[in-house]
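Encoded as structure tokens, the structure appears first; notes follow it.
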There are 6 protein chains.
Amino acid sequence: MFKNEKLIRLALEEDIGSGDVTTEALIDPDHAGTCDILAKESLVLAGLQVAQEVFTTLDPCMSFDTTFQDGDRVESGDKILTAGGKLQALLTGERTALNFLQRLSGIATLTRQYVDRVAGSNVRLTDTRKTIPGWRRLEKYAVKIGGAYNHRFGLYDGVLIKDNHIAAYGGITKAVARVRDSRPHLLRIEVEVSDMNQVKESLENGVDIIMLDNMDLKDIHKAVILVDGRAMVEVSGGVTLDTLPEVANTGVDVISIGALTHSARAVDISMRVVG
Amino acid sequence: MFKNEKLIRLALEEDIGSGDVTTEALIDPDHAGTCDILAKESLVLAGLQVAQEVFTTLDPCMSFDTTFQDGDRVESGDKILTAGGKLQALLTGERTALNFLQRLSGIATLTRQYVDRVAGSNVRLTDTRKTIPGWRRLEKYAVKIGGAYNHRFGLYDGVLIKDNHIAAYGGITKAVARVRDSRPHLLRIEVEVSDMNQVKESLENGVDIIMLDNMDLKDIHKAVILVDGRAMVEVSGGVTLDTLPEVANTGVDVISIGALTHSARAVDISMRVVG
Amino acid sequence: MFKNEKLIRLALEEDIGSGDVTTEALIDPDHAGTCDILAKESLVLAGLQVAQEVFTTLDPCMSFDTTFQDGDRVESGDKILTAGGKLQALLTGERTALNFLQRLSGIATLTRQYVDRVAGSNVRLTDTRKTIPGWRRLEKYAVKIGGAYNHRFGLYDGVLIKDNHIAAYGGITKAVARVRDSRPHLLRIEVEVSDMNQVKESLENGVDIIMLDNMDLKDIHKAVILVDGRAMVEVSGGVTLDTLPEVANTGVDVISIGALTHSARAVDISMRVVG
Amino acid sequence: MFKNEKLIRLALEEDIGSGDVTTEALIDPDHAGTCDILAKESLVLAGLQVAQEVFTTLDPCMSFDTTFQDGDRVESGDKILTAGGKLQALLTGERTALNFLQRLSGIATLTRQYVDRVAGSNVRLTDTRKTIPGWRRLEKYAVKIGGAYNHRFGLYDGVLIKDNHIAAYGGITKAVARVRDSRPHLLRIEVEVSDMNQVKESLENGVDIIMLDNMDLKDIHKAVILVDGRAMVEVSGGVTLDTLPEVANTGVDVISIGALTHSARAVDISMRVVG
Amino acid sequence: MFKNEKLIRLALEEDIGSGDVTTEALIDPDHAGTCDILAKESLVLAGLQVAQEVFTTLDPCMSFDTTFQDGDRVESGDKILTAGGKLQALLTGERTALNFLQRLSGIATLTRQYVDRVAGSNVRLTDTRKTIPGWRRLEKYAVKIGGAYNHRFGLYDGVLIKDNHIAAYGGITKAVARVRDSRPHLLRIEVEVSDMNQVKESLENGVDIIMLDNMDLKDIHKAVILVDGRAMVEVSGGVTLDTLPEVANTGVDVISIGALTHSARAVDISMRVVG
Amino acid sequence: MFKNEKLIRLALEEDIGSGDVTTEALIDPDHAGTCDILAKESLVLAGLQVAQEVFTTLDPCMSFDTTFQDGDRVESGDKILTAGGKLQALLTGERTALNFLQRLSGIATLTRQYVDRVAGSNVRLTDTRKTIPGWRRLEKYAVKIGGAYNHRFGLYDGVLIKDNHIAAYGGITKAVARVRDSRPHLLRIEVEVSDMNQVKESLENGVDIIMLDNMDLKDIHKAVILVDGRAMVEVSGGVTLDTLPEVANTGVDVISIGALTHSARAVDISMRVVG
């Protein structure tokens, strides 16, 4: 898919540079080989297609075989993917393919943990824009694979009036009126608030979503009761795996969690030549 | 600096897309402003220049003021950077600038923890190639800022003969001879080994560095004694903050730690409009 | 601004290619000059900044002077912009700068005509995605300068369920439910309908906007009455300058007009060396 | 063809952005489909290949069927092209493919109208450089498909000495001598003139083509008689469909018409899923 | 100038890659320095501006001083350029800047040798398209600086009908007629011929330039007499410094010499830190 | 291979520009053809794959046939490659494909001459960084094909402390210590020296390679004896085909020769349509 091409090439260029001195010295360019990509821990798989595109960039005739798809739970020792093609391409592409798989599966795995904590609830868990620069689309894809939802992708697909905007423009009422007139009519308006007065002012201005920024549980409760379904309520800031269930129980509609991307670690995946 | 320009533009394009609907609606293009970037936890700073370049891309006349530099320990609440320029540029660039700073400082902070564990030792801690695709150079910069060293940057600036190479080419002795002849003479040769026989075979072939792959402490000790300074000894695989000191005490020369990059989380940094 | 840079360079490269054989032969590289850019017909100005960026790309020290800004009505003979700098840069950049100005002002001028027809009304006129490939952002900017509004910028910043989607997914009810669950929560949902039954079905599913596709005036009236404020009503298809007022009078909320971009002609603007 | 690739990708990127939220939600990635692209008015077809490349970029296995080729007259209701492949690719690529087809066919259709007015004449109708920035090559292709000729493509493939050059360099005689010496010898020299004295001076200097800029019919006649075949005569400026025949009848060799590109509107073409 | 930017960045990226390990280790980033660029042999200077742009890319505040300009004869030991700025930028950019200067001055120097051989003659010496891929514009610039002329820059700015075209299309007469009709009217037509019959056929078809391909002196003489000014005559193929004067004496108009670019060696230029 | 793609496209774009006016006028787009690429002099072949990629970029279905591979000695008249595909693609790609082949084979041919002079010796001949900007990787490939070795590819894959570094940092001893600590441990350290004292100081600091810069034979001899195998000895500067054997006889390990790339001329290769 052309959408990942730019990042894949950037990645291969930075790893291969002027050449893979070890592989080029030892492996004949026409030598064929087969490799298994293996999970070294329990994980939620994400990035199968990107990993394949890495190898295909180096050898357009590479073939692949797998019993899994993105979103599957994979256990330690499971064979995630078998790739067959030029051995040079397999060895040279190994680290880059794994780096993609490990990061994306890491995000999906962490996301699944959060999602499992609110199983049965109606709350919508979402990511944020706290993503690795250059990786926004891929990371949000992994979040979705993990079972959560996407918040806006950028500054362009949703209005979010934050404290700095409110201060600079002179209050919620004025700011909402101004944005409502100018924004494309398919975009909803969300306002970030920090106290109950701002919740009220937002409600009176008919905003679509009210984001409670770093409020405590008691205030979240109050806000949900006050809003009473006239707007969506989103909680943002400081929610952890431990506090997630009780926040979800307040009846808020959305909980956005930066940690899904900014604190995900790479899961352990490796490659082994098998033929 | 032109080296970061490509990634910065990619990042701004993915965040701004067709436009910052909120900021463009509320803030006058000519409106000036000042913002503070603040640490929300204790961290080792990395990425000051990249963050500034993000803002400068949006407003070439942006000015900056700071009392810190990359590598400094910064405490929660400290003012990392003050930026003055067009308020639109500040608000539109905020998330991208913070995403760079948070990731790079996260790596530097984690690295510093590892480095502090071996203070006073002669061992060299290094990163690996387990980095975010597209971020190799930046992440290795952050590792250095954190006080550790860089391993090779890619497949091009060092020979590393791994198990798959050895298997495919028919043994260490043959592989080393082949690579020694073909590689540019400024590159050293490292061989990844998994048992004492391979350590011996590597030594006999005069390799420069022997990488002990996932060996236990006892074998590491044996290897160091066997090698006895005739090659550098590198330990790789599974070293944690807890096990690091005893591995370092074995007298190995290098310990490479993938976690410095693949498990670093973003540290908490925020921006506040102050004028 | 870095956002226009790619298109401006593409444009200069395609016009200059291996060199401006005429200007390079006749004009000394160090020769300075001044040019006036003049309106040759009455128009609404759009693109002043892009035109300046064209010249600045060729001579970073170019200076500009003008009494107008984008959105101003300019009459035939008016001096739109005076540019001073290297004469080579002025002559080589002339056609490209004018091509940008003429297209963007052409769109703004046509848009203003439509907008003037519904002066005093509450209806929102919008553009569509029928824009010149590569020019989406710039053309939508010109529409806004002309006084109308932007519809969604692309396939990413709004849900629009069209007839083909409805057919492929098995009806409006099913499709709306599916999209409602998956879409980022800041995006509204619009459904394209072609008869009154579909209007009803859309209403029952609580969609945000109902787009009446190529309906006649009588049906538009009926739909407005049926909807009665429970959703926004958008008219799309075949609205001309002549029919616009009566469509607006039906009380619909939005009228989207492809012609604003797909039928705009370039307005007449020229450049004259004055010193 | 690699020549259109850059613009096609730019176009798809600006339309798809972070994703087609509607289609991705409703259509299964493996779902196949067939679409007809239909003319909604009488037109001269141009851009078939580019439209196909749009779809192929999204689905490399897309197949196409058509009974037409570029340059054919197509009537309202005619099936221009049938495309079969992934339904997601068809729906996501629809608008971009149509935008290319509608613009290019619009230019070809308008051009054909001009060409038909001088059927039987020896005059050569050409385009100008008044094209959409980024689209120079494609628009000139459409002009040729419409039956007219191309003037120079840029500042590099022909010498055209305009009034500003003449003024800056001190007259036609000096300028022609200077350019004649420096220009690559495969390029002809054209001079833009505004009165009969300049026609004479150009002739005396042996220029290849004399461009009569915005002269009236009487002067064009005089110029043709004066030149008497010793140079080509080109008329430029203000020629319309109505005045074209009488200008052609003066016996000039070339008439260049900016309107072919700068005033072409998109013709009406749509897509329908048929299976 | 934006025209050289792409190649300069490509060059710096391939030389610097992940970093200048030597300079970054030894030189403080804030350390200032001054360097002289010195001729180590007699040469004709070309590329001063590109060399400066290399340094400016690494340090935008670099300043330069020189008493020479492109086209000047420079003797061994002469100071070509003094550059002052960050010492890191000077040392890191040295090789790239010199590589540009040495190649371009090498072409200019060789060209000057050829030009000097026909001093006083009216013949026009030109380059060919036998240039280093990616360097077409720069190398043709150096040829001009050396005192010769440019032939067409590419396949787009001149018609050149070669033997393969003639064979494929069925003869000169047919081919010339076909091209004359289709080519933009500012492009001349040149035909490559290999015997006197083809010279005659070309003449009868009124071509603008006749290229005598690898003909001997006697035939060149005959062709010049036969053509007698009714077309330009170009000699191409196998002309050396030694044979050039007698070829020029035949009275041909143009001699094109691939060696100017394809056989130029780099001249010797070096850099010395002086402060 | 994606590694050459950028340069190949750059090359085709600069040669084709707005179109191949001759070939497009004369050759039908569907016309198939076959061409032979022929050696016009004795040469060592390099660049077969790049040449094929040029044609494949223009016609993805192009097929190739050859009895040679890179590194083969080819005699004048030999058929290097037969290519079959669209005749337009063959004629339009001809010059670009040949320019790649001629330059790379030129380097390989010259390199082979040098290598043959030291046949039987253990000395390693290497290239330098004096390559055409943008061509570093390709030129070093051709050097290897010619039988010599590669020196470092850039500033990143080897430490080379030159006179300017030594001066700026305060002597060899200090500089070596500083670099030894900071450089990635897979990189060796080379020092450029100009007299026997610097040889001694380098030895005492345990550098890996000592580069004797422009020393005479007598001093080279002395240095080899002094070093006595404790470091590699490299000779650089001013070695010619004539002086090479006696330099090699001194027993140095490496001789680096800029001329392999900076003074290689293009060898003569041409293309003929054969069907």
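Ordered as shown in the structure tokens, chains take letters A, B, and onward, while each chain numbers its residues from 1 and ligands are numbered from 1 in the order shown.
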
Counting only C-alpha atoms, what is within 10 Å of B:Gly47, bar same-chain residues fewer than 3 positions away, as a VMD selection string?
-> chain B and resid 50 to 53 69 to 71 97 to 98 100 to 105 108 138 to 139 141 to 142 145

Could you list the residues in chain F lying within 9 Å of chain A, using only C-alpha atoms, and format the result as number ranges by chain?
-> F: 1-3, 136-137, 153-154

Export N, CA, C and O atoms of the chosen residues as an mmCIF file, in the first residue's frame?
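selection05.cif, written as the output of this step:
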```cif
data_model
loop_
_atom_site.group_PDB
_atom_site.id
_atom_site.type_symbol
_atom_site.label_atom_id
_atom_site.label_comp_id
_atom_site.auth_asym_id
_atom_site.auth_seq_id
_atom_site.Cartn_x
_atom_site.Cartn_y
_atom_site.Cartn_z
ATOM 1 N N MET F 1 15.927 -2.465 -7.903
ATOM 2 C CA MET F 1 16.267 -2.247 -6.495
ATOM 3 C C MET F 1 15.986 -0.798 -6.100
ATOM 4 O O MET F 1 16.385 0.132 -6.773
ATOM 5 N N PHE F 2 15.359 -0.642 -4.962
ATOM 6 C CA PHE F 2 14.937 0.697 -4.572
ATOM 7 C C PHE F 2 16.114 1.646 -4.327
ATOM 8 O O PHE F 2 15.944 2.856 -4.334
ATOM 9 N N LYS F 3 17.327 1.098 -4.163
ATOM 10 C CA LYS F 3 18.459 1.965 -3.820
ATOM 11 C C LYS F 3 18.857 2.895 -4.965
ATOM 12 O O LYS F 3 19.339 3.989 -4.740
ATOM 13 N N ARG F 136 28.149 8.469 -4.809
ATOM 14 C CA ARG F 136 29.093 7.794 -3.915
ATOM 15 C C ARG F 136 28.951 6.261 -3.956
ATOM 16 O O ARG F 136 29.887 5.539 -4.190
ATOM 17 N N ARG F 137 27.729 5.774 -3.707
ATOM 18 C CA ARG F 137 27.523 4.336 -3.634
ATOM 19 C C ARG F 137 27.771 3.648 -4.972
ATOM 20 O O ARG F 137 28.423 2.606 -5.043
ATOM 21 N N PHE F 153 32.933 4.894 3.224
ATOM 22 C CA PHE F 153 31.943 5.448 2.295
ATOM 23 C C PHE F 153 31.651 6.915 2.587
ATOM 24 O O PHE F 153 31.226 7.650 1.701
ATOM 25 N N GLY F 154 31.838 7.308 3.834
ATOM 26 C CA GLY F 154 31.528 8.688 4.184
ATOM 27 C C GLY F 154 32.198 9.043 5.484
ATOM 28 O O GLY F 154 33.135 8.359 5.927
#
```

Can you pull out the residues contacting A:Arg117? Cut-off 9 Å, using only C-alpha atoms, and skip same-chain residues under 5 positions away; I want them as a PDB file with N, CA and C atoms, in the first residue's frame.
```pdb
ATOM      1  N   ARG A 112      -4.974  -3.464  24.495  1.00  0.00           N
ATOM      2  CA  ARG A 112      -5.855  -4.576  24.873  1.00  0.00           C
ATOM      3  C   ARG A 112      -5.981  -4.691  26.395  1.00  0.00           C
ATOM      4  N   LEU A 241      -4.206   2.051  34.399  1.00  0.00           N
ATOM      5  CA  LEU A 241      -4.875   0.760  34.388  1.00  0.00           C
ATOM      6  C   LEU A 241      -5.651   0.545  35.690  1.00  0.00           C
ATOM      7  N   ASP A 242      -5.091   1.038  36.789  1.00  0.00           N
ATOM      8  CA  ASP A 242      -5.733   0.815  38.074  1.00  0.00           C
ATOM      9  C   ASP A 242      -6.972   1.677  38.271  1.00  0.00           C
ATOM     10  N   LEU A 244      -8.730   3.093  35.920  1.00  0.00           N
ATOM     11  CA  LEU A 244      -9.638   3.072  34.778  1.00  0.00           C
ATOM     12  C   LEU A 244     -11.049   2.571  35.129  1.00  0.00           C
ATOM     13  N   PRO A 245     -11.206   1.437  35.812  1.00  0.00           N
ATOM     14  CA  PRO A 245     -12.563   0.937  36.052  1.00  0.00           C
ATOM     15  C   PRO A 245     -13.451   1.932  36.793  1.00  0.00           C
TER      16      PRO A 245
END
```

Mind pulling up the distance from atom CA of C:Asn249 to atom CA of C:Val115?
->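 Interatomic distance, atom CA of C:Val115 to atom CA of C:Asn249: 13.8 Å.
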
Where in stretch 129-219 of chain C does DSSP assign alpha helix (DSSP H), given as a ChimeraX atom specification?
-> /C:136-145,163-169,172-182,196-204,217-219

Distance query D:Ile166 at most 12 Å, only C-alpha atoms, self and fewer than 4 positions along chain excluded, as a list in words =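 The contact residues come out as Thr22, Thr23, Ala25, Leu26, Ile27 and Val273 of chain C; Leu160, Ile161, Lys162, Gly170, Gly171, Ile172, Thr173, Lys174, Ala175, Val176, Ala177, Arg178, Val179, Val191, Glu192, Val193, Ser194, Gln198, Glu201 and Ser202 of chain D.
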
Atomic distance atom CA of D:Leu212 - atom CA of D:Ile225, expressed in Å with one decimal =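 Separation between atom CA of D:Leu212 and atom CA of D:Ile225: 13.2 Å.
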
Can you list, as a PyMOL selection string, all residues belonging to stretch 67-269 of chain F that DSSP tags as strand (DSSP E)?
-> chain F and resi 73-74+79-86+124-126+159-161+189-193+209-213+232-236+254-256+269

Any idea what the distance is between atom CA of D:Asn197 and atom CA of C:Gly275?
->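 About the pair atom CA of D:Asn197 and atom CA of C:Gly275: they are 23.9 Å apart.
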
Near B:Asp116, counting only C-alpha atoms, which residues have an atom at most 10 Å away, once you skip same-chain residues fewer than 3 positions from it, shown as an MDAnalysis selection string?
-> chainID B and resid 111:113 119:121 146:148 241 245

Residues as selected, N, CA, C and O atoms, written as a PDB file, in the first residue's frame, can you do that?
```pdb
ATOM      1  N   THR B 111      18.180   6.120  29.904  1.00  0.00           N
ATOM      2  CA  THR B 111      19.593   5.814  29.719  1.00  0.00           C
ATOM      3  C   THR B 111      20.408   6.223  30.949  1.00  0.00           C
ATOM      4  O   THR B 111      21.261   5.482  31.435  1.00  0.00           O
ATOM      5  N   ARG B 112      20.121   7.414  31.456  1.00  0.00           N
ATOM      6  CA  ARG B 112      20.842   7.903  32.625  1.00  0.00           C
ATOM      7  C   ARG B 112      20.691   6.940  33.816  1.00  0.00           C
ATOM      8  O   ARG B 112      21.638   6.716  34.576  1.00  0.00           O
ATOM      9  N   GLN B 113      19.504   6.339  33.941  1.00  0.00           N
ATOM     10  CA  GLN B 113      19.288   5.378  35.026  1.00  0.00           C
ATOM     11  C   GLN B 113      20.252   4.198  34.885  1.00  0.00           C
ATOM     12  O   GLN B 113      20.848   3.740  35.843  1.00  0.00           O
ATOM     13  N   ALA B 119      28.170   3.493  37.491  1.00  0.00           N
ATOM     14  CA  ALA B 119      29.073   4.615  37.741  1.00  0.00           C
ATOM     15  C   ALA B 119      30.375   4.091  38.336  1.00  0.00           C
ATOM     16  O   ALA B 119      30.378   3.243  39.213  1.00  0.00           O
ATOM     17  N   GLY B 120      31.486   4.587  37.844  1.00  0.00           N
ATOM     18  CA  GLY B 120      32.781   4.163  38.369  1.00  0.00           C
ATOM     19  C   GLY B 120      33.345   2.961  37.644  1.00  0.00           C
ATOM     20  O   GLY B 120      34.536   2.663  37.753  1.00  0.00           O
ATOM     21  N   SER B 121      32.528   2.282  36.897  1.00  0.00           N
ATOM     22  CA  SER B 121      32.998   1.111  36.152  1.00  0.00           C
ATOM     23  C   SER B 121      33.572   1.560  34.806  1.00  0.00           C
ATOM     24  O   SER B 121      33.306   2.657  34.324  1.00  0.00           O
ATOM     25  N   GLY B 146      22.133  10.844  27.240  1.00  0.00           N
ATOM     26  CA  GLY B 146      21.868  10.183  28.517  1.00  0.00           C
ATOM     27  C   GLY B 146      23.126   9.636  29.166  1.00  0.00           C
ATOM     28  O   GLY B 146      23.109   9.220  30.323  1.00  0.00           O
ATOM     29  N   GLY B 147      24.235   9.606  28.422  1.00  0.00           N
ATOM     30  CA  GLY B 147      25.497   9.201  29.012  1.00  0.00           C
ATOM     31  C   GLY B 147      26.022   7.855  28.551  1.00  0.00           C
ATOM     32  O   GLY B 147      27.104   7.432  28.972  1.00  0.00           O
ATOM     33  N   ALA B 148      25.285   7.173  27.693  1.00  0.00           N
ATOM     34  CA  ALA B 148      25.771   5.905  27.184  1.00  0.00           C
ATOM     35  C   ALA B 148      26.443   6.124  25.830  1.00  0.00           C
ATOM     36  O   ALA B 148      26.618   7.266  25.379  1.00  0.00           O
ATOM     37  N   LEU B 241      17.978  -3.293  34.568  1.00  0.00           N
ATOM     38  CA  LEU B 241      18.543  -2.383  35.569  1.00  0.00           C
ATOM     39  C   LEU B 241      19.064  -3.173  36.764  1.00  0.00           C
ATOM     40  O   LEU B 241      20.100  -2.841  37.338  1.00  0.00           O
ATOM     41  N   PRO B 245      24.547  -4.318  37.243  1.00  0.00           N
ATOM     42  CA  PRO B 245      25.815  -4.212  37.993  1.00  0.00           C
ATOM     43  C   PRO B 245      26.615  -5.509  37.998  1.00  0.00           C
ATOM     44  O   PRO B 245      27.833  -5.497  37.783  1.00  0.00           O
TER      45      PRO B 245
END
```
